[in-house]
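Report on the structure given below.
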There are 2 protein chains.
Amino acid sequence: MTRASLIARLSRFAAMPGRKPSSGVPLETEASATRSAPIRVLIADDHPLVRRGLAAIINMEEDAAVVGEAGDGEEAVMLWRRLRPDVTLMDLRMPKLDGVQAIKRIRAEDPAAGIIVVTTFDHDEDIYAGLRAGAKAYVLKDVQPEELFGCIRAVHAGQAYLQPKVAAKLAQRVQEEPLTEREEQILQLLAEGRSNRAIGQALFITESTVKSHMKSLFIKLDVTSRAEAIALAARRGLVKF
Amino acid sequence: MTRASLIARLSRFAAMPGRKPSSGVPLETEASATRSAPIRVLIADDHPLVRRGLAAIINMEEDAAVVGEAGDGEEAVMLWRRLRPDVTLMDLRMPKLDGVQAIKRIRAEDPAAGIIVVTTFDHDEDIYAGLRAGAKAYVLKDVQPEELFGCIRAVHAGQAYLQPKVAAKLAQRVQEEPLTEREEQILQLLAEGRSNRAIGQALFITESTVKSHMKSLFIKLDVTSRAEAIALAARRGLVKF
DNA sequence: AGCCGATTCCTCCTTCCGGCGGATGTGCCG
DNA sequence: CGGCACATCCGCCGGAAGGAGGAATCGGCT
């Protein structure tokens, strides 16, 4: 067995309360008398590489310990229930259940849950959605590791945390006109390349109505053509391709 | 940080049955018989978090050692020159100089350089561009760490390596009609939401010519409207937003 | 020389889009 | 109740987009 896979197996033991490693050696939490209990961290990210990497560098910190890893949203919620970590690092794009939904479910069970969104996406819409869902912090994967550690400690202490870049995007987002549900649906179908008629058929409304919504959509997005609207929606992360 | 202390920290919360990692006893029992110098690895990724994480888990392997980290394409080329690593892990989206360009520069100096693209992007266009630039392997960040290690060893041994998923995308790409340079320019401007007239003005050609190119573009992409073309281009990674 | 692909330009015609002006019903909230 | 936002629909019209078809130039390749 390689050293890495050995450690991975062992950290899975650590992720299971009530179970002890077969050797019977006590967990080190009890051994460090002078230090207080480390911050228990759960990681949710669909990329094993990123997950392991994050876990590795977080575990290098004296006051933090990764207690579990989830590869999708459902697993994240389940593991959170079982482990009740102090802090959860959550990616947004994940299979089965996306990060925003996972955050909502966790927050429904514990409104004080400390969740940090860690993602590559800096679209203002993602930031807005993540924080609205109840995340305490939002950091991009371009943060310095030290800053992430600081963020973890801040969230553990009950504080919020935003990178300046993220805060700026959020400020931008809040001063944009929000789209109605119908407008979002139409924008999504528009971004799939459908014509007004096709959109109407998909939503069981007339082409006239589609045009009507399209009009307000253009005004809110401040564009003059559907192509422009698609380009803007792509930049802002308003639609999924 | 030494490898031994790293392991010690990682195992703070989990005992290692049958082994004593921090005792100073060498762990390389399986590999020690035929052990040679470790594979020297250079990492290029614009996210410090990912870089450090990758470095941490690669350094856990007995036969590999990270000798350098680059945060952008220029740095990657410079560090490669200085270090001459056995294997380079290269992200595609990086500031200053993107991964494809960095690979080309390195390959220009040493056509035998072992470069592995490690990225989240599974667009067929990215895969094609990366391999055309001279990468020996292309893996997505959703690989299992063990598979990445296998890939590193394969490339070090002079072999190529492709994930099945990546190979399938590549096969798809080669049977698509390639776009001409002009068509790519027009597609890019189209994806920015410009009208035929605006595209013509940008490229100093008449609107008629734009329409003419647009026609062949639609045929090659197998679409019937500009909106569809934008949607397809976004999915395939043909354009940058 | 002949062929082919890329690029440039054109006409004719139809369809669709986008801007203009409305209208109606529904539900919510002070 | 009277506004307000939202969603649904309508006609009109000019202009943009898209389909069909042709044609000239240039460079490369056989």
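Chains: A, B, ... in order of the structure tokens. Residues: from 1 per chain. Ligands: from 1, in order shown.
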TODO: Please provide the set of residues having any atom within 8 Å of stretch 116-129 of chain B, restricted to only C-alpha atoms (C1' of nucleotides), with same-chain residues fewer than 3 positions apart removed, written as a PyMOL selection string.
DONE: chain B and resi 87-92+100+132-133+135-142+152+155+166+169-170+172-173+235-238
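Chain A and chain B, identical in sequence, superpose over all their Cα atoms with an RMSD of 6.9 Å.
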Task: Shell around stretch 3-19 of chain D at 12 Å using only C-alpha atoms (C1' of nucleotides), local window under 6 positions removed, as a ChimeraX atom specification - done: /A:179-183,200,204-213,216,225-227 /B:194-198,207-208,210-212,214-216,218-219,223-227 /C:12-30
C-alpha atoms (C1' of nucleotides) of the current selection, written as a short mmCIF file (atom, residue, chain, number, x, y, z; two decimals), in the first residue's frame:
```
data_model
loop_
_atom_site.label_atom_id
_atom_site.label_comp_id
_atom_site.auth_asym_id
_atom_site.auth_seq_id
_atom_site.Cartn_x
_atom_site.Cartn_y
_atom_site.Cartn_z
CA LEU A 179 -34.78 39.01 -12.82
CA THR A 180 -38.18 37.47 -12.23
CA GLU A 181 -38.55 33.70 -12.30
CA ARG A 182 -40.13 33.82 -15.72
CA GLU A 183 -37.37 36.01 -17.06
CA GLY A 200 -43.02 29.92 -26.25
CA PHE A 204 -46.71 27.00 -23.13
CA ILE A 205 -47.10 30.71 -23.82
CA THR A 206 -47.47 32.64 -27.06
CA GLU A 207 -44.60 34.16 -28.96
CA SER A 208 -46.01 37.58 -28.12
CA THR A 209 -45.58 36.88 -24.45
CA VAL A 210 -42.05 35.69 -25.00
CA LYS A 211 -41.29 38.92 -26.81
CA SER A 212 -42.83 40.84 -23.97
CA HIS A 213 -40.60 39.13 -21.42
CA SER A 216 -38.01 43.59 -19.99
CA SER A 225 -29.99 41.90 -28.85
CA ARG A 226 -30.36 38.29 -27.82
CA ALA A 227 -26.75 37.58 -28.69
CA ARG B 194 -22.07 41.74 -31.90
CA SER B 195 -24.24 42.17 -34.98
CA ASN B 196 -23.13 41.22 -38.46
CA ARG B 197 -22.47 44.85 -39.23
CA ALA B 198 -20.41 45.35 -36.07
CA GLU B 207 -21.57 42.75 -43.88
CA SER B 208 -22.08 40.50 -46.89
CA VAL B 210 -19.67 38.34 -42.58
CA LYS B 211 -22.91 36.70 -43.63
CA SER B 212 -21.00 34.48 -45.98
CA MET B 214 -21.58 32.99 -40.89
CA LYS B 215 -23.17 30.58 -43.33
CA SER B 216 -20.21 28.20 -43.43
CA PHE B 218 -23.44 27.42 -39.18
CA ILE B 219 -22.91 24.45 -41.48
CA VAL B 223 -26.77 25.05 -36.16
CA THR B 224 -29.36 27.34 -37.71
CA SER B 225 -29.10 30.55 -35.73
CA ARG B 226 -26.46 32.71 -34.10
CA ALA B 227 -27.91 32.05 -30.68
"C1'" DC C 12 -33.01 38.15 -54.10
"C1'" DC C 13 -36.13 36.70 -50.87
"C1'" DT C 14 -38.27 35.14 -46.48
"C1'" DT C 15 -38.39 34.91 -41.78
"C1'" DC C 16 -37.42 36.55 -37.43
"C1'" DC C 17 -36.26 39.97 -34.18
"C1'" DG C 18 -36.65 44.18 -31.62
"C1'" DG C 19 -38.85 48.79 -30.67
"C1'" DC C 20 -43.19 51.11 -30.49
"C1'" DG C 21 -47.50 51.38 -28.72
"C1'" DG C 22 -50.87 49.20 -25.98
"C1'" DA C 23 -54.40 45.79 -23.06
"C1'" DT C 24 -56.02 42.46 -19.45
"C1'" DG C 25 -56.05 39.67 -15.27
"C1'" DT C 26 -54.06 38.29 -10.75
"C1'" DG C 27 -52.17 38.68 -6.38
"C1'" DC C 28 -49.95 41.28 -2.85
"C1'" DC C 29 -49.48 44.98 0.41
"C1'" DG C 30 -50.14 49.17 2.92
#
```
- [ ] Select residues of chain C: the criterion is any atom within 10 Å of an atom of chain B, counting only C-alpha atoms (C1' of nucleotides); output as number ranges by chain.
- [x] C: 6-10
TODO: From a DSSP calculation on the backbone, collect every residue of stretch 32-231 of chain B in strand (DSSP E or B) and output the set as a VMD selection string.
DONE: chain B and resid 39 to 44 64 to 70 87 to 90 114 to 119 137 to 140 161 to 162
For the residues selected in the previous step, produce a file with N, CA and C atoms as a short mmCIF file (atom, residue, chain, number, x, y, z; two decimals), in the first residue's frame.
```
data_model
loop_
_atom_site.label_atom_id
_atom_site.label_comp_id
_atom_site.auth_asym_id
_atom_site.auth_seq_id
_atom_site.Cartn_x
_atom_site.Cartn_y
_atom_site.Cartn_z
N ILE B 39 11.14 11.13 -8.97
CA ILE B 39 10.75 11.90 -10.15
C ILE B 39 10.62 13.36 -9.75
N ARG B 40 11.32 14.23 -10.44
CA ARG B 40 11.29 15.65 -10.10
C ARG B 40 10.13 16.32 -10.82
N VAL B 41 9.21 16.89 -10.05
CA VAL B 41 7.97 17.41 -10.60
C VAL B 41 7.88 18.93 -10.43
N LEU B 42 7.46 19.60 -11.52
CA LEU B 42 7.17 21.04 -11.47
C LEU B 42 5.66 21.23 -11.60
N ILE B 43 5.10 22.10 -10.78
CA ILE B 43 3.66 22.34 -10.82
C ILE B 43 3.39 23.77 -11.28
N ALA B 44 2.50 23.90 -12.26
CA ALA B 44 2.09 25.23 -12.72
C ALA B 44 0.59 25.34 -12.65
N ALA B 64 8.35 10.46 -5.96
CA ALA B 64 8.16 11.75 -6.62
C ALA B 64 8.44 12.88 -5.63
N ALA B 65 8.92 13.98 -6.17
CA ALA B 65 9.19 15.13 -5.32
C ALA B 65 8.94 16.41 -6.11
N VAL B 66 8.18 17.32 -5.52
CA VAL B 66 7.91 18.58 -6.18
C VAL B 66 9.12 19.49 -6.02
N VAL B 67 9.66 19.96 -7.15
CA VAL B 67 10.86 20.77 -7.08
C VAL B 67 10.57 22.25 -7.35
N GLY B 68 9.35 22.55 -7.78
CA GLY B 68 9.04 23.94 -8.04
C GLY B 68 7.56 24.17 -8.26
N GLU B 69 7.11 25.41 -8.00
CA GLU B 69 5.71 25.77 -8.22
C GLU B 69 5.66 27.09 -8.97
N ALA B 70 4.83 27.12 -10.02
CA ALA B 70 4.68 28.35 -10.80
C ALA B 70 3.22 28.79 -10.75
N VAL B 87 8.94 15.85 -14.92
CA VAL B 87 7.54 15.96 -15.31
C VAL B 87 7.00 17.32 -14.88
N THR B 88 6.19 17.93 -15.75
CA THR B 88 5.56 19.21 -15.41
C THR B 88 4.04 19.05 -15.42
N LEU B 89 3.41 19.43 -14.32
CA LEU B 89 1.95 19.45 -14.29
C LEU B 89 1.50 20.86 -14.63
N MET B 90 0.70 20.98 -15.67
CA MET B 90 0.37 22.31 -16.19
C MET B 90 -1.15 22.53 -16.26
N GLY B 114 8.41 16.13 -20.62
CA GLY B 114 7.20 15.44 -20.18
C GLY B 114 6.24 16.39 -19.49
N ILE B 115 5.18 16.72 -20.19
CA ILE B 115 4.22 17.68 -19.64
C ILE B 115 2.84 17.04 -19.54
N ILE B 116 2.24 17.17 -18.38
CA ILE B 116 0.89 16.66 -18.15
C ILE B 116 -0.04 17.84 -17.93
N VAL B 117 -1.10 17.93 -18.72
CA VAL B 117 -2.09 18.96 -18.48
C VAL B 117 -3.02 18.46 -17.37
N VAL B 118 -3.16 19.26 -16.33
CA VAL B 118 -4.08 18.94 -15.23
C VAL B 118 -5.05 20.09 -15.12
N THR B 119 -6.30 19.87 -15.46
CA THR B 119 -7.24 20.97 -15.52
C THR B 119 -8.65 20.50 -15.24
N ALA B 137 0.23 14.07 -21.74
CA ALA B 137 -0.93 13.50 -21.07
C ALA B 137 -1.91 14.62 -20.73
N TYR B 138 -3.15 14.25 -20.55
CA TYR B 138 -4.19 15.22 -20.21
C TYR B 138 -5.11 14.56 -19.19
N VAL B 139 -5.10 15.08 -17.99
CA VAL B 139 -6.01 14.51 -16.98
C VAL B 139 -6.87 15.61 -16.37
N LEU B 140 -8.09 15.25 -16.06
CA LEU B 140 -9.01 16.19 -15.43
C LEU B 140 -8.81 16.15 -13.92
N TYR B 161 -0.36 9.34 -21.80
CA TYR B 161 -1.44 8.87 -20.93
C TYR B 161 -2.70 9.70 -21.15
N LEU B 162 -3.81 9.02 -21.36
CA LEU B 162 -5.09 9.72 -21.50
C LEU B 162 -6.15 8.98 -20.69
#
```
Open item on the list: Need to verify the contact set: D:DT30, 12 Å, only C-alpha atoms (C1' of nucleotides), exclusion of same-chain residues closer than 5 positions in sequence. Can you return it as a PyMOL selection string?
Closed with: chain C and resi 1-4
Write out, as a PDB file, in the first residue's frame, the residues just selected, with N, CA and C atoms (P, O5', C5', C4', C3', O3' and C1' of nucleotides).
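Full text of selection-v2.pdb as output:
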```pdb
ATOM      1  P    DA C   1      -1.728  27.992 -67.772  1.00  0.00           P
ATOM      2  O5'  DA C   1      -1.838  26.983 -68.972  1.00  0.00           O
ATOM      3  C5'  DA C   1      -1.183  25.722 -69.142  1.00  0.00           C
ATOM      4  C4'  DA C   1      -1.865  24.593 -68.426  1.00  0.00           C
ATOM      5  C3'  DA C   1      -3.283  24.902 -67.907  1.00  0.00           C
ATOM      6  O3'  DA C   1      -4.194  23.950 -68.451  1.00  0.00           O
ATOM      7  C1'  DA C   1      -1.923  23.983 -66.174  1.00  0.00           C
ATOM      8  P    DG C   2      -5.786  24.291 -68.286  1.00  0.00           P
ATOM      9  O5'  DG C   2      -6.109  23.493 -66.940  1.00  0.00           O
ATOM     10  C5'  DG C   2      -5.777  22.114 -66.843  1.00  0.00           C
ATOM     11  C4'  DG C   2      -6.147  21.635 -65.466  1.00  0.00           C
ATOM     12  C3'  DG C   2      -7.501  22.168 -64.964  1.00  0.00           C
ATOM     13  O3'  DG C   2      -8.267  21.083 -64.461  1.00  0.00           O
ATOM     14  C1'  DG C   2      -5.811  22.660 -63.386  1.00  0.00           C
ATOM     15  P    DC C   3      -9.749  21.366 -63.908  1.00  0.00           P
ATOM     16  O5'  DC C   3      -9.565  21.203 -62.332  1.00  0.00           O
ATOM     17  C5'  DC C   3      -8.812  20.108 -61.828  1.00  0.00           C
ATOM     18  C4'  DC C   3      -8.606  20.267 -60.333  1.00  0.00           C
ATOM     19  C3'  DC C   3      -9.856  20.757 -59.585  1.00  0.00           C
ATOM     20  O3'  DC C   3     -10.106  19.884 -58.502  1.00  0.00           O
ATOM     21  C1'  DC C   3      -7.982  22.108 -59.044  1.00  0.00           C
ATOM     22  P    DC C   4     -11.501  19.977 -57.705  1.00  0.00           P
ATOM     23  O5'  DC C   4     -11.032  20.573 -56.303  1.00  0.00           O
ATOM     24  C5'  DC C   4      -9.824  20.112 -55.703  1.00  0.00           C
ATOM     25  C4'  DC C   4      -9.493  20.997 -54.529  1.00  0.00           C
ATOM     26  C3'  DC C   4     -10.725  21.557 -53.821  1.00  0.00           C
ATOM     27  O3'  DC C   4     -10.565  21.429 -52.433  1.00  0.00           O
ATOM     28  C1'  DC C   4      -9.287  23.317 -54.444  1.00  0.00           C
TER      29       DC C   4
END
```
- [ ] Check stretch 58-229 of chain A with DSSP on the backbone and list each residue it calls helix (DSSP H, G or I), as a PyMOL selection string.
- [x] chain A and resi 58-59+73-83+99-109+124-133+145-156+164-174+181-191+196-203+207-221+226-229
Task: Distance criterion (only C-alpha atoms): nearest to A:Leu189 out of A:Leu49, A:Val143, A:Val239, A:Leu148 - done: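 For A:Leu189, the nearest of the given residues is A:Val239.
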TODO: Find the residue from A:Leu83, A:Leu187, A:Ala202, A:Leu217 that sits nearest to A:Ala234; use only C-alpha atoms when measuring.
DONE: A:Leu187
Open item on the list: Please determine, counting only C-alpha atoms, which residue among B:Gly130, B:Pro145, B:Pro38, B:Gly73 has the shortest atom-to-atom distance to chain A.
Closed with: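 Using only C-alpha atoms, the shortest distance to chain A belongs to B:Pro145.
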- [ ] For atom CA of B:Leu54 and atom CA of A:Gly53, quote the distance in Å rounded to one decimal.
- [x]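 Atom CA of A:Gly53 lies at a distance of 5.4 Å from atom CA of B:Leu54.
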